[in-house]
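Asker: One structure follows; several queries about it will come next.
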Amino acid sequence: MSNVRLLVATHNPGKEREFRCLLAPLGAQLCFPSEIGLEIEVPEDGATYADNATQKALAYARTSGMLTLADDSGLEVDALDGAPAIRSARYTPGSDSDRVKALLRQLHDVPWERRTARFRCVVIIVTPAQQLYSAEGSCEGLIALEPQGEGGFGYDPVFYLPEYGCTMAQLSQAEKNRISHRARAIEAAMPALRRLLSRPEPG
């Protein structure tokens with residue numbers, strides 16, 4: 001489609017797999033920081049998903065000189081007043097499994113009907129000239145009583161989707177990439193991405 005390369009600013013292997021699938025329809029030349037030896041420390045200390053995604057996208061765009069996409073996402077649990085939200089990846093030290101266990105401990109006495117939650121994702125695209133574009137997606141569900149499923153990553157094993165009768169970790173990758181918060185954010189970003197990728201790359 002284009003000779004413009006798109007840098008996807010993530011070091012998360014799970015996100016990388018999803019972005020490769022979600023962005024495949026663009027026919028663009030995708031690259032990731034690990035592939036081009038780009039290591040940047042970006043503090044994720046913003047007050048919102050958009051703040052954090054913008055910090056990442058700007059930092060990588062400035063360093064690489066490339067069209068850059070970054071996202072920030074989180075799990076919002078209504079019974080916890082919307083937490084962990086932007087702290088989802090830092091909810092507790094350790095692995096994804098440790099964070100899932102910590103979440104379930106917080107919800108141990110919360111009845112099923114009050115375990116409503118959503119995944120939310122904000123995507124920011126930054127051009128080499130530092131023009132910013134944004135898009136958002138969300139996916140509604142409930143927090144399961146225990147982890148189920150081997151797919152996905154993060155909180156997917158306890159994010160129950162009533163319309164599918166299973167957790168997000170029990171979905172096929174193709175199905176997750178159709179309905180997830182990240183999929184919906186990328187879908188919303190597609191018009192801007194197609195326009196930007198149709199432009200000749202500077203130099």
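Residues in the structure tokens are named by chain (A, B, ... in the order shown) and by number from 1 within that chain; ligands are numbered from 1 in the order shown.
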Output as a short mmCIF file (atom, residue, chain, number, x, y, z; two decimals) with N, CA, C and O atoms, in the first residue's frame all residues of chain A that backbone DSSP marks as alpha helix (DSSP H).
Answerer:
```
data_model
loop_
_atom_site.label_atom_id
_atom_site.label_comp_id
_atom_site.auth_asym_id
_atom_site.auth_seq_id
_atom_site.Cartn_x
_atom_site.Cartn_y
_atom_site.Cartn_z
N PRO A 13 5.22 -8.51 24.31
CA PRO A 13 5.05 -9.54 23.27
C PRO A 13 3.59 -9.83 22.94
O PRO A 13 3.26 -10.09 21.77
N GLY A 14 2.71 -9.80 23.95
CA GLY A 14 1.30 -10.04 23.70
C GLY A 14 0.69 -8.96 22.82
O GLY A 14 -0.05 -9.25 21.86
N LYS A 15 1.01 -7.71 23.14
CA LYS A 15 0.51 -6.61 22.31
C LYS A 15 1.10 -6.68 20.89
O LYS A 15 0.41 -6.40 19.91
N GLU A 16 2.37 -7.03 20.80
CA GLU A 16 3.01 -7.11 19.49
C GLU A 16 2.28 -8.12 18.60
O GLU A 16 2.00 -7.83 17.42
N ARG A 17 1.96 -9.28 19.14
CA ARG A 17 1.22 -10.28 18.37
C ARG A 17 -0.12 -9.74 17.90
O ARG A 17 -0.51 -9.93 16.74
N GLU A 18 -0.82 -9.05 18.80
CA GLU A 18 -2.13 -8.52 18.43
C GLU A 18 -2.01 -7.42 17.38
O GLU A 18 -2.79 -7.39 16.42
N PHE A 19 -1.05 -6.52 17.57
CA PHE A 19 -0.91 -5.43 16.60
C PHE A 19 -0.56 -5.95 15.21
O PHE A 19 -1.00 -5.40 14.21
N ARG A 20 0.26 -6.98 15.14
CA ARG A 20 0.60 -7.54 13.82
C ARG A 20 -0.67 -7.99 13.08
O ARG A 20 -0.81 -7.77 11.88
N CYS A 21 -1.58 -8.63 13.81
CA CYS A 21 -2.84 -9.08 13.20
C CYS A 21 -3.77 -7.91 12.91
O CYS A 21 -4.35 -7.82 11.81
N LEU A 22 -3.93 -7.02 13.89
CA LEU A 22 -4.89 -5.92 13.75
C LEU A 22 -4.51 -4.94 12.64
O LEU A 22 -5.39 -4.36 11.99
N TYR A 49 -5.10 7.38 30.07
CA TYR A 49 -4.54 6.51 29.04
C TYR A 49 -3.96 7.35 27.91
O TYR A 49 -2.88 7.05 27.38
N ALA A 50 -4.69 8.40 27.53
CA ALA A 50 -4.22 9.25 26.43
C ALA A 50 -2.89 9.91 26.76
O ALA A 50 -2.01 10.03 25.90
N ASP A 51 -2.73 10.34 28.01
CA ASP A 51 -1.45 10.95 28.43
C ASP A 51 -0.31 9.97 28.22
O ASP A 51 0.74 10.30 27.66
N ASN A 52 -0.49 8.74 28.72
CA ASN A 52 0.59 7.75 28.64
C ASN A 52 0.89 7.35 27.20
O ASN A 52 2.06 7.22 26.80
N ALA A 53 -0.16 7.14 26.40
CA ALA A 53 0.05 6.75 25.00
C ALA A 53 0.73 7.88 24.23
O ALA A 53 1.60 7.63 23.39
N THR A 54 0.36 9.12 24.54
CA THR A 54 0.96 10.27 23.86
C THR A 54 2.44 10.39 24.21
O THR A 54 3.28 10.65 23.33
N GLN A 55 2.78 10.19 25.49
CA GLN A 55 4.19 10.24 25.89
C GLN A 55 5.01 9.22 25.12
O GLN A 55 6.11 9.52 24.62
N LYS A 56 4.49 7.99 25.02
CA LYS A 56 5.22 6.94 24.30
C LYS A 56 5.34 7.26 22.81
O LYS A 56 6.43 7.15 22.23
N ALA A 57 4.22 7.63 22.20
CA ALA A 57 4.24 7.88 20.76
C ALA A 57 5.17 9.03 20.41
O ALA A 57 5.94 8.95 19.44
N LEU A 58 5.13 10.11 21.18
CA LEU A 58 6.00 11.25 20.90
C LEU A 58 7.47 10.89 21.07
O LEU A 58 8.32 11.26 20.25
N ALA A 59 7.79 10.18 22.14
CA ALA A 59 9.19 9.82 22.41
C ALA A 59 9.76 8.96 21.28
O ALA A 59 10.87 9.21 20.80
N TYR A 60 8.99 7.96 20.85
CA TYR A 60 9.48 7.08 19.79
C TYR A 60 9.49 7.77 18.43
O TYR A 60 10.38 7.52 17.61
N ALA A 61 8.53 8.64 18.17
CA ALA A 61 8.51 9.36 16.89
C ALA A 61 9.69 10.32 16.80
O ALA A 61 10.34 10.42 15.75
N ARG A 62 9.99 11.00 17.89
CA ARG A 62 11.12 11.95 17.89
C ARG A 62 12.44 11.22 17.69
O ARG A 62 13.32 11.69 16.96
N THR A 63 12.59 10.08 18.34
CA THR A 63 13.84 9.34 18.26
C THR A 63 14.03 8.65 16.91
O THR A 63 15.12 8.63 16.36
N SER A 64 12.94 8.11 16.38
CA SER A 64 13.03 7.32 15.14
C SER A 64 12.82 8.13 13.88
O SER A 64 13.25 7.73 12.79
N ASP A 96 1.64 -11.35 35.35
CA ASP A 96 0.21 -11.21 35.07
C ASP A 96 -0.61 -12.04 36.05
O ASP A 96 -1.65 -11.59 36.55
N SER A 97 -0.15 -13.25 36.33
CA SER A 97 -0.87 -14.13 37.25
C SER A 97 -0.97 -13.51 38.64
O SER A 97 -2.02 -13.62 39.31
N ASP A 98 0.09 -12.86 39.09
CA ASP A 98 0.07 -12.21 40.40
C ASP A 98 -0.96 -11.08 40.44
O ASP A 98 -1.66 -10.90 41.45
N ARG A 99 -1.05 -10.33 39.34
CA ARG A 99 -2.01 -9.23 39.29
C ARG A 99 -3.45 -9.76 39.25
O ARG A 99 -4.35 -9.18 39.89
N VAL A 100 -3.67 -10.84 38.54
CA VAL A 100 -5.00 -11.46 38.50
C VAL A 100 -5.40 -11.92 39.91
O VAL A 100 -6.53 -11.68 40.37
N LYS A 101 -4.47 -12.56 40.61
CA LYS A 101 -4.76 -13.04 41.97
C LYS A 101 -5.07 -11.86 42.90
O LYS A 101 -5.99 -11.95 43.74
N ALA A 102 -4.33 -10.78 42.78
CA ALA A 102 -4.56 -9.61 43.62
C ALA A 102 -5.95 -9.02 43.34
O ALA A 102 -6.67 -8.62 44.27
N LEU A 103 -6.33 -8.98 42.07
CA LEU A 103 -7.65 -8.46 41.71
C LEU A 103 -8.76 -9.33 42.29
O LEU A 103 -9.72 -8.82 42.88
N LEU A 104 -8.62 -10.65 42.17
CA LEU A 104 -9.64 -11.55 42.70
C LEU A 104 -9.75 -11.45 44.22
O LEU A 104 -10.85 -11.56 44.77
N ARG A 105 -8.63 -11.23 44.89
CA ARG A 105 -8.68 -11.04 46.36
C ARG A 105 -9.50 -9.79 46.70
O ARG A 105 -10.29 -9.79 47.65
N GLN A 106 -9.32 -8.73 45.93
CA GLN A 106 -10.06 -7.49 46.16
C GLN A 106 -11.56 -7.69 45.97
O GLN A 106 -12.37 -7.00 46.59
N GLN A 173 -7.74 -16.37 18.92
CA GLN A 173 -7.07 -15.10 18.67
C GLN A 173 -7.84 -14.28 17.65
O GLN A 173 -7.98 -13.06 17.78
N ALA A 174 -8.39 -14.94 16.64
CA ALA A 174 -9.15 -14.23 15.61
C ALA A 174 -10.39 -13.56 16.20
O ALA A 174 -10.71 -12.41 15.85
N GLU A 175 -11.07 -14.27 17.11
CA GLU A 175 -12.28 -13.70 17.72
C GLU A 175 -11.92 -12.55 18.64
O GLU A 175 -12.59 -11.51 18.65
N LYS A 176 -10.86 -12.72 19.42
CA LYS A 176 -10.43 -11.62 20.30
C LYS A 176 -10.09 -10.39 19.47
O LYS A 176 -10.43 -9.27 19.84
N ASN A 177 -9.41 -10.61 18.34
CA ASN A 177 -9.00 -9.48 17.50
C ASN A 177 -10.18 -8.84 16.77
O ASN A 177 -10.01 -7.84 16.07
N ARG A 178 -11.35 -9.40 16.94
CA ARG A 178 -12.55 -8.80 16.36
C ARG A 178 -13.30 -7.94 17.37
O ARG A 178 -13.91 -6.93 17.00
N ILE A 179 -13.25 -8.32 18.66
CA ILE A 179 -14.12 -7.67 19.65
C ILE A 179 -13.39 -6.93 20.77
O ILE A 179 -14.02 -6.22 21.54
N HIS A 181 -11.02 -4.43 23.14
CA HIS A 181 -10.85 -2.98 23.25
C HIS A 181 -9.78 -2.47 22.30
O HIS A 181 -9.93 -1.42 21.67
N ARG A 182 -8.68 -3.25 22.17
CA ARG A 182 -7.59 -2.84 21.27
C ARG A 182 -8.03 -2.92 19.81
O ARG A 182 -7.72 -2.03 19.01
N ALA A 183 -8.79 -3.97 19.50
CA ALA A 183 -9.30 -4.11 18.13
C ALA A 183 -10.21 -2.94 17.78
O ALA A 183 -10.14 -2.39 16.66
N ARG A 184 -11.06 -2.54 18.71
CA ARG A 184 -12.00 -1.45 18.45
C ARG A 184 -11.28 -0.10 18.33
O ARG A 184 -11.67 0.75 17.54
N ALA A 185 -10.23 0.08 19.13
CA ALA A 185 -9.45 1.31 19.01
C ALA A 185 -8.73 1.38 17.67
O ALA A 185 -8.70 2.43 17.02
N ILE A 186 -8.15 0.25 17.23
CA ILE A 186 -7.47 0.24 15.94
C ILE A 186 -8.47 0.44 14.80
O ILE A 186 -8.20 1.17 13.84
N GLU A 187 -9.65 -0.16 14.92
CA GLU A 187 -10.68 0.04 13.90
C GLU A 187 -11.03 1.52 13.78
O GLU A 187 -11.17 2.05 12.67
N ALA A 188 -11.15 2.20 14.92
CA ALA A 188 -11.45 3.63 14.91
C ALA A 188 -10.29 4.46 14.34
O ALA A 188 -10.51 5.54 13.78
N ALA A 189 -9.07 3.95 14.50
CA ALA A 189 -7.88 4.67 14.01
C ALA A 189 -7.60 4.43 12.53
O ALA A 189 -6.78 5.14 11.93
N MET A 190 -8.24 3.42 11.93
CA MET A 190 -7.92 3.01 10.56
C MET A 190 -8.02 4.14 9.53
O MET A 190 -7.15 4.28 8.67
N PRO A 191 -9.09 4.96 9.56
CA PRO A 191 -9.15 6.03 8.56
C PRO A 191 -7.94 6.96 8.59
O PRO A 191 -7.38 7.31 7.54
N ALA A 192 -7.52 7.35 9.80
CA ALA A 192 -6.35 8.22 9.92
C ALA A 192 -5.09 7.50 9.47
O ALA A 192 -4.25 8.07 8.77
N LEU A 193 -4.95 6.23 9.85
CA LEU A 193 -3.76 5.47 9.44
C LEU A 193 -3.69 5.33 7.91
O LEU A 193 -2.62 5.48 7.32
N ARG A 194 -4.82 5.05 7.28
CA ARG A 194 -4.81 4.91 5.83
C ARG A 194 -4.41 6.21 5.15
O ARG A 194 -3.64 6.21 4.17
N ARG A 195 -4.90 7.33 5.65
CA ARG A 195 -4.52 8.63 5.08
C ARG A 195 -3.03 8.88 5.25
O ARG A 195 -2.34 9.29 4.30
N LEU A 196 -2.53 8.64 6.45
CA LEU A 196 -1.13 8.93 6.74
C LEU A 196 -0.19 8.01 5.95
O LEU A 196 0.88 8.44 5.50
N LEU A 197 -0.59 6.77 5.77
CA LEU A 197 0.26 5.82 5.06
C LEU A 197 0.22 6.02 3.55
O LEU A 197 1.06 5.46 2.83
#
```
Asker: I'd like the contact shell of Val8 (chain A) - 8 Å cut-off, only C-alpha atoms, skipping same-chain residues fewer than 6 positions apart - returned as an MDAnalysis selection string.
Answerer: chainID A and resid 19 30:33 68:70
Asker: Write the residues of the preceding selection, restricted to N, CA, C and O atoms, as a PDB file, in the first residue's frame.
Answerer:
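Printed below is part-v7.pdb as written:
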```pdb
ATOM      1  N   PHE A  19      -1.055  -6.522  17.565  1.00  0.00           N
ATOM      2  CA  PHE A  19      -0.909  -5.430  16.600  1.00  0.00           C
ATOM      3  C   PHE A  19      -0.555  -5.948  15.209  1.00  0.00           C
ATOM      4  O   PHE A  19      -1.003  -5.399  14.206  1.00  0.00           O
ATOM      5  N   LEU A  30       5.301  -2.680   8.924  1.00  0.00           N
ATOM      6  CA  LEU A  30       5.304  -2.526  10.380  1.00  0.00           C
ATOM      7  C   LEU A  30       6.683  -2.816  10.939  1.00  0.00           C
ATOM      8  O   LEU A  30       7.380  -3.716  10.464  1.00  0.00           O
ATOM      9  N   CYS A  31       7.065  -2.072  11.958  1.00  0.00           N
ATOM     10  CA  CYS A  31       8.273  -2.446  12.697  1.00  0.00           C
ATOM     11  C   CYS A  31       8.057  -2.136  14.170  1.00  0.00           C
ATOM     12  O   CYS A  31       7.206  -1.330  14.541  1.00  0.00           O
ATOM     13  N   PHE A  32       8.829  -2.837  14.992  1.00  0.00           N
ATOM     14  CA  PHE A  32       8.730  -2.704  16.442  1.00  0.00           C
ATOM     15  C   PHE A  32      10.088  -2.303  16.998  1.00  0.00           C
ATOM     16  O   PHE A  32      11.124  -2.597  16.391  1.00  0.00           O
ATOM     17  N   PRO A  33      10.111  -1.614  18.140  1.00  0.00           N
ATOM     18  CA  PRO A  33      11.383  -1.138  18.691  1.00  0.00           C
ATOM     19  C   PRO A  33      12.444  -2.234  18.807  1.00  0.00           C
ATOM     20  O   PRO A  33      13.629  -1.985  18.528  1.00  0.00           O
ATOM     21  N   THR A  68       4.506   6.872  14.069  1.00  0.00           N
ATOM     22  CA  THR A  68       4.541   6.013  15.256  1.00  0.00           C
ATOM     23  C   THR A  68       3.163   5.862  15.866  1.00  0.00           C
ATOM     24  O   THR A  68       2.405   6.834  15.973  1.00  0.00           O
ATOM     25  N   LEU A  69       2.872   4.652  16.280  1.00  0.00           N
ATOM     26  CA  LEU A  69       1.614   4.348  16.973  1.00  0.00           C
ATOM     27  C   LEU A  69       1.942   3.785  18.351  1.00  0.00           C
ATOM     28  O   LEU A  69       2.831   2.940  18.485  1.00  0.00           O
ATOM     29  N   ALA A  70       1.242   4.286  19.355  1.00  0.00           N
ATOM     30  CA  ALA A  70       1.378   3.745  20.715  1.00  0.00           C
ATOM     31  C   ALA A  70      -0.001   3.643  21.331  1.00  0.00           C
ATOM     32  O   ALA A  70      -0.927   4.363  20.930  1.00  0.00           O
TER      33      ALA A  70
END
```
Asker: Rounded to one decimal place, report the CA of Pro157 (chain A)-CA of Asp72 (chain A) distance in Å.
Answerer: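 Computed distance, CA of Pro157 (chain A) to CA of Asp72 (chain A), equals 19.4 Å.
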Asker: Find, counting only C-alpha atoms, the residue in A:Val123, A:Leu23, A:Val42, A:Ala28 that gets nearest to His11 (chain A).
Answerer: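 Selected residue with least distance to His11 (chain A): A:Val42.
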